[in-house]
Structures are given as C-alpha cells and as structure tokens.
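File shown: protein.cif (mmCIF, C-alpha atoms).
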```
data_protein
loop_
_atom_site.label_atom_id
_atom_site.label_comp_id
_atom_site.auth_asym_id
_atom_site.auth_seq_id
_atom_site.Cartn_x
_atom_site.Cartn_y
_atom_site.Cartn_z
CA MET A 218 9.19 -0.10 8.53
CA ALA A 219 6.30 -2.35 7.68
CA GLY A 220 4.22 -0.68 10.33
CA LEU A 221 5.07 2.65 8.86
CA ALA A 222 4.06 1.58 5.41
CA LEU A 223 0.85 0.20 6.80
CA ARG A 224 -0.11 3.33 8.58
CA ARG A 225 0.79 5.40 5.60
CA CYS A 226 -1.44 3.57 3.26
CA VAL A 227 -4.42 2.93 5.46
CA SER A 228 -7.02 5.24 4.08
CA PRO A 229 -7.51 7.99 6.61
CA ALA A 230 -11.00 8.36 5.22
CA VAL A 231 -11.71 5.22 7.20
CA TYR A 232 -10.83 7.02 10.36
CA LEU A 233 -12.63 10.13 9.32
CA ASN A 234 -15.81 8.28 8.54
CA ARG A 235 -15.65 6.49 11.81
CA ARG A 236 -14.94 9.68 13.60
CA LEU A 237 -17.84 11.45 11.97
CA SER A 238 -20.28 8.69 12.63
CA ALA A 239 -19.21 7.97 16.17
CA PRO A 240 -17.34 10.95 17.53
CA ASP A 241 -17.38 9.79 21.12
CA LEU A 242 -15.66 6.53 20.38
CA SER A 243 -12.59 7.68 18.54
CA VAL A 244 -10.42 9.54 20.94
CA GLY A 245 -7.26 7.57 20.15
CA CYS A 246 -6.19 8.05 16.56
CA SER A 247 -7.79 11.11 15.12
CA TYR A 248 -6.68 13.93 12.92
CA HIS A 249 -5.88 17.34 14.13
CA LYS A 250 -8.97 19.50 14.09
CA LYS A 251 -7.56 21.69 11.32
CA VAL A 252 -7.25 18.66 9.04
CA VAL A 253 -10.81 17.62 9.82
CA ASP A 254 -11.98 21.18 9.20
CA HIS A 255 -10.34 21.29 5.75
CA TYR A 256 -11.60 17.79 5.01
CA GLU A 257 -15.17 18.62 5.92
CA ASN A 258 -15.18 22.10 4.39
CA PRO A 259 -12.53 22.08 1.71
CA ARG A 260 -11.72 25.53 0.39
CA ASN A 261 -11.52 26.32 -3.30
CA VAL A 262 -12.53 22.96 -4.70
CA GLY A 263 -13.01 22.96 -8.43
CA SER A 264 -11.33 23.72 -11.71
CA LEU A 265 -10.19 26.73 -13.67
CA ASP A 266 -9.88 26.86 -17.43
CA LYS A 267 -6.67 24.97 -18.00
CA ASN A 268 -6.31 26.40 -21.48
CA ALA A 269 -6.38 30.02 -20.32
CA LYS A 270 -3.00 31.74 -20.64
CA ASN A 271 -3.10 33.18 -17.14
CA VAL A 272 -3.94 29.86 -15.53
CA GLY A 273 -1.28 27.43 -14.40
CA THR A 274 -2.15 23.79 -13.73
CA GLY A 275 -0.17 21.40 -11.58
CA LEU A 276 -1.00 17.72 -11.61
CA VAL A 277 0.97 15.52 -9.25
CA GLY A 278 0.66 12.09 -7.74
CA ALA A 279 2.17 10.05 -4.94
CA PRO A 280 3.14 6.63 -6.29
CA ALA A 281 3.39 5.07 -2.84
CA CYS A 282 -0.22 5.75 -1.89
CA GLY A 283 -1.82 6.42 -5.27
CA ASP A 284 -3.13 9.87 -4.38
CA VAL A 285 -3.64 12.38 -7.18
CA MET A 286 -3.78 16.14 -6.72
CA LYS A 287 -4.60 18.91 -9.18
CA LEU A 288 -3.91 22.50 -8.22
CA GLN A 289 -4.60 25.48 -10.46
CA ILE A 290 -3.75 29.14 -10.09
CA GLU A 291 -5.06 32.20 -11.90
CA VAL A 292 -2.63 35.10 -12.16
CA ASP A 293 -3.51 38.70 -12.97
CA ASP A 294 -1.49 41.17 -15.08
CA GLN A 295 0.54 42.28 -12.09
CA GLY A 296 1.71 38.74 -11.47
CA LYS A 297 -0.49 38.27 -8.44
CA ILE A 298 -2.36 35.05 -7.84
CA VAL A 299 -6.01 36.03 -7.73
CA ASP A 300 -7.65 32.64 -7.65
CA ALA A 301 -6.71 29.05 -6.90
CA ARG A 302 -8.58 25.78 -7.16
CA PHE A 303 -7.80 22.19 -6.34
CA LYS A 304 -9.10 18.71 -6.76
CA THR A 305 -7.57 15.91 -4.76
CA PHE A 306 -8.40 12.24 -4.75
CA GLY A 307 -6.66 10.85 -1.75
CA CYS A 308 -6.53 10.79 1.99
CA GLY A 309 -7.75 13.43 4.43
CA SER A 310 -4.27 14.85 4.90
CA ALA A 311 -3.74 15.24 1.17
CA ILE A 312 -7.09 16.99 0.82
CA ALA A 313 -6.38 19.27 3.77
CA SER A 314 -2.86 20.06 2.51
CA SER A 315 -4.06 21.06 -0.93
CA SER A 316 -7.02 22.99 0.47
CA LEU A 317 -4.66 24.96 2.70
CA ALA A 318 -2.25 25.44 -0.21
CA THR A 319 -4.94 27.13 -2.30
CA GLU A 320 -5.75 29.42 0.60
CA TRP A 321 -2.14 30.36 1.04
CA VAL A 322 -1.24 31.06 -2.58
CA LYS A 323 -4.17 33.40 -3.08
CA GLY A 324 -3.05 37.01 -2.93
CA LYS A 325 0.63 36.09 -3.23
CA SER A 326 2.88 36.91 -6.16
CA VAL A 327 4.26 34.04 -8.20
CA ASP A 328 7.66 34.42 -6.54
CA GLU A 329 6.17 34.48 -3.06
CA ALA A 330 4.09 31.40 -3.76
CA LEU A 331 7.24 29.54 -4.81
CA LYS A 332 8.55 29.97 -1.29
CA ILE A 333 5.78 27.98 0.37
CA LYS A 334 7.37 24.94 1.96
CA ASN A 335 5.78 21.63 2.77
CA THR A 336 7.09 21.93 6.32
CA GLU A 337 4.95 25.02 6.82
CA ILE A 338 1.88 23.20 5.58
CA ALA A 339 2.65 20.20 7.78
CA LYS A 340 3.18 22.43 10.78
CA GLU A 341 -0.04 24.34 10.25
CA LEU A 342 -2.00 21.09 10.00
CA SER A 343 0.02 19.28 12.69
CA LEU A 344 0.58 16.37 10.32
CA PRO A 345 2.26 13.31 11.84
CA PRO A 346 5.53 12.12 10.24
CA VAL A 347 3.77 9.39 8.25
CA LYS A 348 1.66 12.05 6.57
CA LEU A 349 4.43 14.44 5.67
CA HIS A 350 4.40 13.21 2.10
CA CYS A 351 0.89 14.66 1.72
CA SER A 352 2.24 18.13 2.40
CA MET A 353 5.12 17.45 -0.01
CA LEU A 354 2.53 16.59 -2.62
CA ALA A 355 0.86 19.97 -2.02
CA GLU A 356 4.16 21.82 -2.31
CA ASP A 357 4.97 20.01 -5.53
CA ALA A 358 1.50 20.79 -6.85
CA ILE A 359 2.05 24.51 -6.24
CA LYS A 360 5.46 24.35 -7.93
CA ALA A 361 4.05 22.44 -10.88
CA ALA A 362 1.21 24.95 -11.29
CA LEU A 363 3.62 27.90 -11.16
CA ALA A 364 5.97 26.21 -13.63
CA ASP A 365 3.06 25.60 -15.99
CA TYR A 366 2.01 29.24 -15.72
CA ARG A 367 5.54 30.48 -16.43
CA LEU A 368 5.88 28.16 -19.38
CA LYS A 369 2.68 29.53 -20.86
CA GLN A 370 3.85 33.11 -20.30
CA GLN A 371 7.17 32.40 -21.98
CA LYS A 372 5.49 30.79 -24.93
CA ASP A 373 3.28 33.82 -25.13
CA LYS A 374 6.24 36.20 -25.14
CA GLU A 375 8.48 34.32 -27.54
CA PRO A 376 6.49 34.98 -30.72
CA ALA A 377 6.05 38.59 -29.60
CA THR A 378 9.80 39.15 -29.17
CA ALA A 379 10.45 37.31 -32.41
CA SER A 380 8.19 39.65 -34.32
CA ILE A 381 9.85 42.78 -32.87
CA MET B 1285 -11.69 -25.10 36.71
CA GLN B 1286 -10.55 -27.10 33.80
CA ALA B 1287 -13.67 -26.21 31.90
CA LEU B 1288 -13.06 -22.56 32.60
CA CYS B 1289 -9.49 -22.79 31.38
CA LYS B 1290 -10.56 -24.56 28.27
CA ALA B 1291 -13.15 -21.93 27.59
CA GLY B 1292 -10.59 -19.23 28.12
CA LEU B 1293 -8.16 -20.78 25.71
CA ARG B 1294 -10.79 -21.27 23.12
CA CYS B 1295 -11.72 -17.65 23.44
CA LEU B 1296 -8.11 -16.75 22.95
CA SER B 1297 -7.79 -18.83 19.85
CA TRP B 1298 -11.06 -17.59 18.48
CA GLY B 1299 -9.88 -14.11 19.18
CA VAL B 1300 -6.88 -14.66 17.00
CA ARG B 1301 -8.90 -16.18 14.27
CA ASN B 1302 -11.36 -13.33 14.33
CA VAL B 1303 -8.96 -10.48 14.61
CA THR B 1304 -6.94 -10.99 11.51
CA PRO B 1305 -9.59 -11.14 8.80
CA SER B 1306 -11.89 -8.48 10.19
CA PHE B 1307 -8.98 -6.17 10.80
CA SER B 1308 -7.87 -6.37 7.23
CA SER B 1309 -11.34 -6.12 5.78
CA ARG B 1310 -11.90 -2.92 7.68
CA LEU B 1311 -8.70 -1.54 6.29
CA PRO B 1312 -8.84 -2.46 2.65
CA TYR B 1313 -5.44 -0.96 1.87
CA LEU B 1314 -3.83 -3.42 4.15
CA LYS B 1315 -3.86 -6.18 1.66
CA MET B 1316 -1.90 -4.14 -0.83
CA VAL B 1317 0.86 -3.26 1.48
CA PRO B 1318 4.17 -4.94 1.08
CA THR B 1319 5.25 -6.04 4.45
CA MET B 1320 8.33 -7.81 5.41
CA SER B 1321 10.44 -7.94 8.46
CA SER B 1322 13.83 -6.39 8.13
CA ALA B 1323 15.25 -9.65 9.34
CA ALA B 1324 13.81 -11.36 6.31
CA THR B 1325 15.41 -8.78 4.05
CA VAL B 1326 18.73 -9.41 5.68
CA ALA B 1327 18.24 -13.11 5.28
CA LEU B 1328 17.59 -12.75 1.59
CA LYS B 1329 20.61 -10.56 1.15
CA SER B 1330 22.76 -13.05 2.98
CA THR B 1331 21.75 -15.82 0.65
CA GLY B 1332 22.41 -13.40 -2.19
CA GLY B 1333 21.98 -14.60 -5.71
CA LEU B 1334 21.34 -18.07 -4.52
CA GLY B 1335 18.02 -16.99 -3.11
CA SER B 1336 16.05 -18.04 -6.12
CA ALA B 1337 17.93 -21.29 -6.43
CA LEU B 1338 16.89 -22.14 -2.93
CA LEU B 1339 13.23 -21.60 -3.56
CA GLY B 1340 11.87 -24.62 -5.26
CA SER B 1341 8.24 -25.17 -6.05
CA ASP B 1342 8.30 -28.82 -6.80
CA ALA B 1343 7.23 -30.00 -3.38
CA PRO B 1344 4.42 -32.50 -3.71
CA ASP B 1345 1.02 -31.13 -2.85
CA CYS B 1346 0.26 -33.29 0.10
CA PRO B 1347 -1.80 -32.63 3.19
CA ILE B 1348 0.35 -31.41 6.00
CA LYS B 1349 0.38 -33.27 9.25
CA PRO B 1350 1.99 -32.11 12.42
CA GLY B 1351 5.43 -33.56 12.48
CA THR B 1352 6.16 -33.12 8.83
CA VAL B 1353 8.78 -30.62 7.91
CA LEU B 1354 7.01 -28.35 5.49
CA GLY B 1355 8.78 -27.58 2.27
CA GLY B 1356 11.15 -30.03 3.74
CA ARG B 1357 13.87 -30.61 1.24
CA PRO B 1358 17.39 -29.70 2.11
CA ARG B 1359 17.33 -26.73 -0.23
CA ARG B 1360 19.39 -24.70 2.13
CA GLY B 1361 22.44 -26.73 1.31
CA LEU B 1362 23.97 -23.72 -0.40
CA CYS B 1363 23.30 -21.34 2.43
CA ALA B 1364 26.17 -20.05 4.50
CA THR B 1365 24.50 -21.05 7.75
CA PRO B 1366 22.50 -24.10 6.91
CA GLY B 1367 19.92 -25.30 9.39
CA ASN B 1368 21.44 -23.73 12.43
CA ARG B 1369 18.09 -23.65 14.13
CA SER B 1370 17.19 -26.31 16.58
CA CYS B 1371 13.94 -27.29 18.25
CA TRP B 1372 13.20 -25.19 21.33
CA SER B 1373 11.66 -28.19 23.03
CA CYS B 1374 13.91 -31.18 22.31
CA GLY B 1375 16.94 -29.52 20.72
CA ALA B 1376 16.83 -31.54 17.50
CA ALA B 1377 18.23 -29.83 14.41
CA LEU B 1378 15.44 -28.36 12.31
CA GLY B 1379 17.02 -28.45 8.87
CA ALA B 1380 15.69 -26.60 5.86
CA THR B 1381 13.62 -23.48 6.32
CA PRO B 1382 10.71 -22.90 6.66
CA VAL B 1383 10.12 -25.42 9.39
CA PHE B 1384 6.82 -25.35 11.17
CA PHE B 1385 7.15 -28.49 13.30
CA CYS B 1386 10.09 -30.29 14.86
CA PRO B 1387 10.75 -33.46 12.86
CA ASP B 1388 11.53 -35.32 16.09
CA CYS B 1389 9.10 -34.25 18.79
CA GLU B 1390 6.46 -32.71 16.48
CA VAL B 1391 6.26 -29.52 18.49
CA VAL B 1392 5.38 -26.30 16.69
CA GLN B 1393 8.31 -23.93 16.09
CA SER B 1394 8.65 -20.17 15.98
CA PRO B 1395 8.75 -18.52 12.55
CA ASP B 1396 12.14 -18.36 10.89
CA ASP B 1397 13.12 -14.80 10.11
CA ARG B 1398 15.07 -15.97 7.10
CA SER B 1399 12.01 -17.24 5.26
CA THR B 1400 10.50 -15.03 2.65
CA TYR B 1401 6.79 -15.15 1.93
CA PHE B 1402 7.63 -17.21 -1.12
CA ASP B 1403 9.43 -19.74 1.11
CA ILE B 1404 6.51 -19.91 3.49
CA MET B 1405 3.98 -20.37 0.73
CA ASP B 1406 6.29 -22.76 -1.10
CA CYS B 1407 6.21 -20.83 -4.38
CA ASP B 1408 8.79 -19.92 -6.94
CA LYS B 1409 10.04 -16.44 -6.37
CA SER B 1410 8.37 -15.22 -9.51
CA PHE B 1411 5.58 -12.79 -10.27
CA SER B 1412 3.43 -15.39 -11.99
CA VAL B 1413 2.22 -17.27 -8.96
CA ASP B 1414 -0.12 -20.22 -9.30
CA ILE B 1415 -3.00 -18.79 -7.28
CA ARG B 1416 -4.78 -22.11 -6.83
CA LYS B 1417 -1.66 -23.74 -5.53
CA LEU B 1418 -1.11 -20.79 -3.23
CA GLN B 1419 -4.62 -21.18 -1.91
CA ARG B 1420 -4.17 -24.90 -1.30
CA ARG B 1421 -0.93 -24.29 0.52
CA TYR B 1422 -2.60 -21.61 2.62
CA ILE B 1423 -5.44 -23.88 3.63
CA HIS B 1424 -3.07 -26.72 4.45
CA LEU B 1425 -0.88 -24.52 6.58
CA GLN B 1426 -3.79 -22.97 8.39
CA ARG B 1427 -5.31 -26.37 9.00
CA SER B 1428 -2.20 -27.66 10.69
CA LEU B 1429 -1.09 -24.52 12.49
CA HIS B 1430 -4.34 -22.90 13.53
CA PRO B 1431 -4.39 -21.93 17.23
CA ASP B 1432 -7.51 -24.04 17.72
CA ASN B 1433 -5.30 -27.10 17.37
CA PHE B 1434 -3.12 -26.03 20.24
CA SER B 1435 -5.61 -25.10 22.92
CA GLN B 1436 -4.51 -28.14 24.92
CA LYS B 1437 -0.81 -27.60 24.36
CA SER B 1438 1.75 -25.55 26.23
CA GLN B 1439 1.63 -21.77 26.36
CA ARG B 1440 4.68 -21.52 24.15
CA GLU B 1441 3.23 -23.72 21.47
CA GLN B 1442 0.07 -21.65 21.52
CA GLU B 1443 2.08 -18.49 21.05
CA TYR B 1444 4.05 -19.97 18.18
CA SER B 1445 0.94 -21.21 16.45
CA GLU B 1446 -0.47 -17.69 16.72
CA THR B 1447 2.60 -16.00 15.30
CA GLN B 1448 2.93 -18.63 12.59
CA THR B 1449 -0.67 -18.30 11.46
CA ALA B 1450 -0.48 -14.51 11.55
CA LEU B 1451 2.62 -14.66 9.36
CA ILE B 1452 0.98 -17.15 7.02
CA ASN B 1453 -2.01 -14.84 6.66
CA LYS B 1454 0.29 -11.97 5.82
CA ALA B 1455 2.31 -14.03 3.36
CA TYR B 1456 -0.85 -15.28 1.66
CA ARG B 1457 -2.44 -11.85 1.36
CA THR B 1458 0.75 -10.31 0.05
CA LEU B 1459 1.29 -12.93 -2.62
CA GLN B 1460 -2.37 -13.19 -3.56
CA LYS B 1461 -2.77 -9.76 -5.21
CA PRO B 1462 -0.57 -8.74 -8.12
CA LEU B 1463 0.14 -5.27 -6.74
CA SER B 1464 1.20 -6.33 -3.26
CA ARG B 1465 3.11 -9.28 -4.70
CA GLY B 1466 4.97 -7.01 -7.10
CA LEU B 1467 5.75 -4.45 -4.41
CA TYR B 1468 7.00 -7.22 -2.14
CA MET B 1469 9.26 -8.49 -4.91
CA LEU B 1470 10.60 -4.97 -5.37
CA GLU B 1471 11.28 -4.80 -1.67
CA LEU B 1472 13.12 -8.11 -1.79
CA GLY B 1473 15.19 -6.62 -4.59
CA GLY B 1474 15.89 -3.52 -2.51
CA VAL B 1475 13.72 -1.17 -4.60
CA ARG B 1476 11.10 1.05 -2.99
CA LEU B 1477 8.38 3.26 -4.38
CA GLU B 1478 9.18 6.91 -3.80
CA GLU B 1479 7.15 8.70 -1.21
CA GLU B 1480 7.02 12.03 -2.91
CA THR B 1481 5.65 12.95 -6.26
CA GLY B 1482 7.75 10.52 -8.15
CA SER B 1483 9.54 11.04 -11.35
CA VAL B 1484 7.67 7.86 -12.04
CA ALA B 1485 4.38 9.62 -12.40
CA ASP B 1486 4.05 10.77 -15.95
CA GLN B 1487 1.55 13.44 -16.76
CA HIS B 1488 -0.43 11.47 -19.28
CA HIS B 1489 -1.07 8.71 -16.78
CA LEU B 1490 -1.96 11.13 -13.97
CA LEU B 1491 -4.39 12.92 -16.25
CA GLU B 1492 -6.09 9.63 -17.01
CA VAL B 1493 -6.36 8.76 -13.32
CA MET B 1494 -7.66 12.23 -12.54
CA GLU B 1495 -10.34 11.97 -15.22
CA LEU B 1496 -11.42 8.54 -14.03
CA ASN B 1497 -11.68 9.84 -10.48
CA GLU B 1498 -13.66 12.87 -11.60
CA ARG B 1499 -16.05 10.77 -13.62
CA LEU B 1500 -16.52 8.44 -10.70
CA ALA B 1501 -17.10 11.29 -8.26
CA LYS B 1502 -19.70 12.87 -10.50
CA THR B 1503 -21.73 9.84 -11.42
CA GLN B 1504 -24.76 8.82 -9.41
CA ASN B 1505 -25.39 5.98 -11.71
CA ILE B 1506 -24.31 2.50 -10.78
CA GLU B 1507 -23.98 1.39 -14.37
CA GLU B 1508 -21.48 4.08 -15.19
CA ALA B 1509 -19.54 3.27 -12.05
CA ASN B 1510 -19.44 -0.36 -13.15
CA ASP B 1511 -18.28 0.76 -16.59
CA ILE B 1512 -15.41 2.64 -15.00
CA GLY B 1513 -14.65 -0.39 -12.86
CA LEU B 1514 -14.57 -2.57 -15.94
CA SER B 1515 -12.18 -0.33 -17.82
CA VAL B 1516 -9.94 0.01 -14.77
CA ARG B 1517 -9.85 -3.75 -14.34
CA GLY B 1518 -8.89 -4.08 -17.99
CA LYS B 1519 -6.04 -1.65 -17.49
CA LEU B 1520 -4.94 -3.50 -14.37
CA GLU B 1521 -4.87 -6.80 -16.19
CA ASN B 1522 -2.82 -5.25 -18.94
CA LEU B 1523 -0.42 -3.72 -16.41
CA THR B 1524 -0.14 -7.04 -14.56
CA GLU B 1525 0.98 -8.66 -17.81
CA GLN B 1526 3.59 -5.98 -18.33
CA VAL B 1527 4.83 -6.24 -14.75
CA ASN B 1528 5.17 -9.96 -15.25
CA THR B 1529 7.32 -9.39 -18.33
CA SER B 1530 9.49 -6.87 -16.48
CA PHE B 1531 10.09 -9.23 -13.59
CA ARG B 1532 10.89 -12.06 -15.92
CA LYS B 1533 13.54 -9.89 -17.52
CA GLY B 1534 14.76 -8.89 -14.08
CA ASP B 1535 14.02 -5.26 -14.87
CA LEU B 1536 12.99 -3.95 -11.44
CA GLN B 1537 12.97 -0.30 -12.48
CA SER B 1538 10.34 -0.73 -15.17
CA ALA B 1539 8.39 -3.00 -12.83
CA LYS B 1540 8.44 -0.16 -10.33
CA VAL B 1541 7.03 2.33 -12.81
CA LEU B 1542 4.27 -0.09 -13.79
CA LEU B 1543 3.44 -0.97 -10.18
CA ALA B 1544 3.14 2.72 -9.32
CA GLN B 1545 0.61 3.05 -12.15
CA MET B 1546 -1.19 0.00 -10.82
CA LYS B 1547 -1.44 1.57 -7.39
CA TYR B 1548 -3.43 4.52 -8.79
CA PHE B 1549 -5.79 2.27 -10.68
CA VAL B 1550 -6.28 -0.05 -7.72
CA ASN B 1551 -7.34 2.99 -5.69
CA VAL B 1552 -9.93 3.83 -8.33
CA GLU B 1553 -11.08 0.23 -8.42
CA GLU B 1554 -11.57 0.22 -4.67
CA LYS B 1555 -13.65 3.35 -4.90
CA VAL B 1556 -15.81 1.73 -7.56
CA GLU B 1557 -16.38 -1.22 -5.26
CA GLN B 1558 -17.43 1.06 -2.46
#
```
Encoded form using structure tokens:
Amino acid sequence: MAGLALRRCVSPAVYLNRRLSAPDLSVGCSYHKKVVDHYENPRNVGSLDKNAKNVGTGLVGAPACGDVMKLQIEVDDQGKIVDARFKTFGCGSAIASSSLATEWVKGKSVDEALKIKNTEIAKELSLPPVKLHCSMLAEDAIKAALADYRLKQQKDKEPATASI
Amino acid sequence: MQALCKAGLRCLSWGVRNVTPSFSSRLPYLKMVPTMSSAATVALKSTGGLGSALLGSDAPDCPIKPGTVLGGRPRRGLCATPGNRSCWSCGAALGATPVFFCPDCEVVQSPDDRSTYFDIMDCDKSFSVDIRKLQRRYIHLQRSLHPDNFSQKSQREQEYSETQTALINKAYRTLQKPLSRGLYMLELGGVRLEEETGSVADQHHLLEVMELNERLAKTQNIEEANDIGLSVRGKLENLTEQVNTSFRKGDLQSAKVLLAQMKYFVNVEEKVEQ
C-alpha cells in the first residue's frame, strides 16, 4: 500500500523530464507514447470566457496528489459542444487525460459528452492502475463543466418562463 | 583478502548511506508521503485506545550507546502481548518496543512491526512535534545504528542495521513535515484521503489554487515567484495551526479536509522552489 501511495505521488514530470533529456537511458518506467504525446503537445490548452452563458466550467482537484484541473466547454444553440479548453496543473497523466477529454467532447452533444467514462480515457492512454485516478479527474471535470453549463441554461430560462 | 572484504563491506554500507537521501531528493514528493507498514497499522489497532498511553515522550535525552534499550521503559505493560520478542542471537527477552539492541548481548535487532514512527522517534503521538528533539533523536539513532558501525559484524547484524536505519530515515522524514506527519496520523486513525475528486475539495479553495498556479506559470520574474511562495507559506502555516487544533480535538475529518488543502499548497510551494 505504501509503495502504491509512493508511486502515485511521485511526480511523473520527473520521469518525463528524465526521459526527454536522456531518452536512451529510460527504457524501464516510461509512459505510454500517447501520454507523452499529449504531454508534449497538449491539445486545447487555455481558457474560455467563464462568464459566457454558453460556456460551462468544471474545476476539480485530487486531494491525494494535489492536482488541479479546469475544463471548459462552449456549446452552440443546437446543444453541440463546439469548443473545449483545459488547464491542468498536475502530473503527465492528468495533463494527458484532460487533453484527450477536450478532444473527445468537441463535436459531441451535451448528452453524449456525459457518457464519456474514465475507463475509456484510461484505456486510450494505457494508464497503469496507479494513474487511474487521473482519468477519473478528467471524467469529473467533464461532468462538472456540463453541470455548470446546464445550471447556467436553467437560470437563463427561469426568468423567461416566469415572465410568460 | 581481508582488505578486499573490508572494502566490499564499506562499499555496501556507503551504498546504503548514499541511496536513501539521494533517492528522496530526486523524488521530492517522497517526503510527503505517509508510509506505514500494514503490520504497524495492525499493531496500533491491537493496542487500541491505549496506543497513546503507551507512547511517552519523557525519556531522557541521552546519547545512545549500543546495548541500551532505546525508549526503554516498560511502557508496554498494558499491551496484550507484552515483550514477546526475544533476541535472535542470545534469546534474551527484549522488553518494551522499540528495541534496537539486545540488553544482554548488545546485538542489533530487527525492526519491530508494532512500533509506529512516533514510537521509533520517541515522540508523543501528537501533531505538535518538537522538531529539535526529533532531530536529536534522529542523529542519535543514526549514530548508533548506521551500517558503517557494523562492517565488522555478522551478515545478519549488517542487514538489521540497514533495515533499521532505512526505517528511521522514513520515520524521521514522515514526522518532520507537517503534511506528511498529519497524513500519517490520519492513516494511524484509519482515515485516508480520497483518490478521486473529493467532496473535500471546495470550489473556492480550488479556484485559489488554480489562480496561484496560473500566476506562477505565467511569471518570468523571480520576485513575483518568491511573492507567491511567501503567500503560500503563510497559508501553509495557517493551515498547520488549524490542523493542530483539529488533531488536538481528535477531529480527524476536519484534519483531513485541511490536510487536503495543504497538499495543493505544498505542490505550489514546490513549484516555486523549482
């Protein structure tokens, strides 16, 4: 158990840095190439206007490792997610998970996006068991962003229905 | 031949000495991690509520010589299985835990799974640890148990001195920092930080951490980074105080919430240092 906790909290950035600086030396413990790809070239990094009515923001954190993840979605009038952005301060797996999550939600409807499961993210990135919580963080971030969007939409509708 | 052997053993003991610190300095998170053998957890549970009664801190601060029984008062008198360990070499009863040397033949012993880090470091099981006392205890223990002292002794004694010093290092590092100490205390109390996005994480706090991280990522300026570091350290000190209060009240749940917040800030602090 202690070993597990250790491995979980050892900053993977350490490995990544080492890997990047001395690629020939680190054959043993390295990330899957998809994780490294997302880590090196993260997709959709940045922020959307969190005050916009068609933007949902999800902010989540993992208390055990202290990672924070922000994921935002922009939804058009048809309920389709047209843009997504993220910012993650955490390990390589957390960055890769959220980067992949933004790629996946784009083009989906709100209901479709809700169906994205952390297991799918973990499978796509070949995350080891100790890093599964990173993919959970990404799933929760998507859910939180969608919930925020829906809340805004409801608030928007309520006064309208009240006035009718 | 003898010279060769001696050299070999020295290398071995140097190896041990070198491995532990450099390993942990390369992996800065290591020092924050609560670690504890499951056996130790079981031990604590078996002593139950008496655990804290058994952990005194009033042992005199004296230099430790081989042959002395460290923390050696019969505090385990209340334990269900008192002093059932005996010396592997001469068979003498070892008495109160933790015992590092046999009181009879002065031979180094294997670590006792029942000892908590607080036992080993001879501290009260409380969050407010006397850091200077902890440090003194650490130095004393390392001085008497360091593998260098056993290069001429039997293989078994060498092994035990290695495992003992490794455990002492771990105990010291865990108790030294407020976060790891607090998490270890939670673990002793059977409380763990959630892996997922905890209910613990409230939005206001996360927003603050996010903003700090963003500011830190943007800045190229060392002064601003130091400013952030300063404010984070202030917050950590404040949180440490609160954690202390929670533990004193025995409120593990609120300690957990506060320690989770600390974890985020410690991460930021480490980034500032980098």
Spell out the residues picked by the PyMOL selection byres ((chain A and resi 263) around 7) here, as number ranges by chain. A: 261-262, 264, 302-304
So that I can see what lies close to Val253 in chain A, please list as a PyMOL selection string the residues with an atom at most 9 Å from it, counting all atoms listed in the file and leaving out residues fewer than 4 positions away in the same chain. chain A and resi 233+247-249+257-258+309-310+313
Starting from the PyMOL selection byres ((chain A and resi 276) around 9), expand the selection into actual residues of this file and give them as a compact mmCIF listing (two decimals) with C-alpha atoms, in the frame of the given file.
```
# COMPACT_ATOMS: atom_id res chain seq x y z
CA THR A 274 -2.15 23.79 -13.73
CA GLY A 275 -0.17 21.40 -11.58
CA VAL A 277 0.97 15.52 -9.25
CA GLY A 278 0.66 12.09 -7.74
CA VAL A 285 -3.64 12.38 -7.18
CA MET A 286 -3.78 16.14 -6.72
CA LYS A 287 -4.60 18.91 -9.18
CA LEU A 288 -3.91 22.50 -8.22
CA GLN A 289 -4.60 25.48 -10.46
CA ASP A 357 4.97 20.01 -5.53
CA ALA A 358 1.50 20.79 -6.85
CA ALA A 361 4.05 22.44 -10.88
CA ALA A 362 1.21 24.95 -11.29
CA GLN B 1487 1.55 13.44 -16.76
CA LEU B 1490 -1.96 11.13 -13.97
CA LEU B 1491 -4.39 12.92 -16.25
CA MET B 1494 -7.66 12.23 -12.54
```
Taking the point (-0.5, -11.0, -4.3) as given in the file, collect each protein or nucleic acid residue that comes within 10 Å of it, counting only C-alpha atoms, and present the set as a PyMOL selection string. chain B and resi 1315-1318+1411-1413+1415+1418+1455-1468
Name the residues captured by the PyMOL selection byres ((chain A and resi 351) around 10) when it is applied to the shown file; answer as a ChimeraX atom specification. /A:278-279,282,284,286,307-315,335,338-339,344,347-350,352-357 /B:1479-1481
A:Lys340, A:Lys332, A:Lys297, A:Lys270: which is nearest Asp373 in chain A, counting all atoms listed in the file?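 When distances to Asp373 in chain A are compared using all atoms listed in the file, the smallest one comes from A:Lys270.
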Nearest residue to chain A from the set B:Leu1514, B:Val1391, B:Val1527, B:Leu1500 (distances using all atoms listed in the file):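 Of B:Leu1514, B:Val1391, B:Val1527, B:Leu1500, the one nearest chain A, counting all atoms listed in the file, is B:Leu1500.
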If you count all atoms listed in the file, which residues fall within 12 Å of Met1405 in chain B, apart from same-chain ones fewer than 3 positions away, as a PyMOL selection string? chain B and resi 1339-1341+1343+1345+1354-1355+1381-1384+1399-1402+1408-1409+1413-1426+1449+1451-1460
Kindly give the distance, in Å, that separates CA of Asp293 in chain A and CA of Asn271 in chain A, rounded to a single decimal. 6.9 Å
Nearest candidate to Arg1499 in chain B (options B:Val1552, B:Leu1542, B:Ala1376, B:Cys1389; using all atoms listed in the file): B:Val1552
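As for CA of Lys1555 in chain B and CA of Ala301 in chain A, they are spaced 26.7 Å apart.
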Counting all atoms listed in the file, figure out which residue out of B:Val1493, B:Gly1513, B:Gln1448, B:Lys1519 gets nearest to chain A.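 Of the candidates, the smallest distance to chain A is held by B:Val1493.
The interatomic distance for the pair CA of Lys250 in chain A and CA of Leu342 in chain A works out to 8.2 Å.
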So, with all atoms listed in the file as the atoms that count, which of A:Tyr256, A:Gly296, A:Glu320, A:Lys360 lies closest to chain B? A:Lys360
Considering all atoms listed in the file, can you say which of B:Glu1554, B:Glu1525, B:Glu1508, B:Glu1441 comes closest to chain A? B:Glu1554
Excluding Gly273 in chain A and any residue of its chain fewer than 4 positions from it, enumerate the residues within 7 Å of it, using all atoms listed in the file, and give them as a PyMOL selection string. chain A and resi 267+289-291+362-363+365-366
Could you add whatever atoms are missing so that range 339-344 of chain A carries N, CA, C and O atoms, then write the result as a tab-separated table (two decimals), in the frame of the given file?
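Output file out_14.tsv is given in full below:
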```tsv
chain	number	residue	atom	x	y	z
A	339	ALA	N	2.73	21.29	6.80
A	339	ALA	CA	2.65	20.20	7.78
A	339	ALA	C	2.52	20.75	9.19
A	339	ALA	O	1.78	20.21	10.02
A	340	LYS	N	3.23	21.84	9.44
A	340	LYS	CA	3.18	22.43	10.78
A	340	LYS	C	1.79	23.00	11.06
A	340	LYS	O	1.20	22.77	12.11
A	341	GLU	N	1.28	23.72	10.09
A	341	GLU	CA	-0.04	24.34	10.25
A	341	GLU	C	-1.11	23.28	10.53
A	341	GLU	O	-2.00	23.48	11.34
A	342	LEU	N	-0.97	22.13	9.85
A	342	LEU	CA	-2.00	21.09	10.00
A	342	LEU	C	-1.63	20.05	11.06
A	342	LEU	O	-2.37	19.10	11.28
A	343	SER	N	-0.49	20.24	11.69
A	343	SER	CA	0.02	19.28	12.69
A	343	SER	C	0.02	17.85	12.13
A	343	SER	O	-0.47	16.92	12.77
A	344	LEU	N	0.57	17.71	10.93
A	344	LEU	CA	0.58	16.37	10.32
A	344	LEU	C	1.62	15.50	11.03
A	344	LEU	O	2.70	15.95	11.34
```
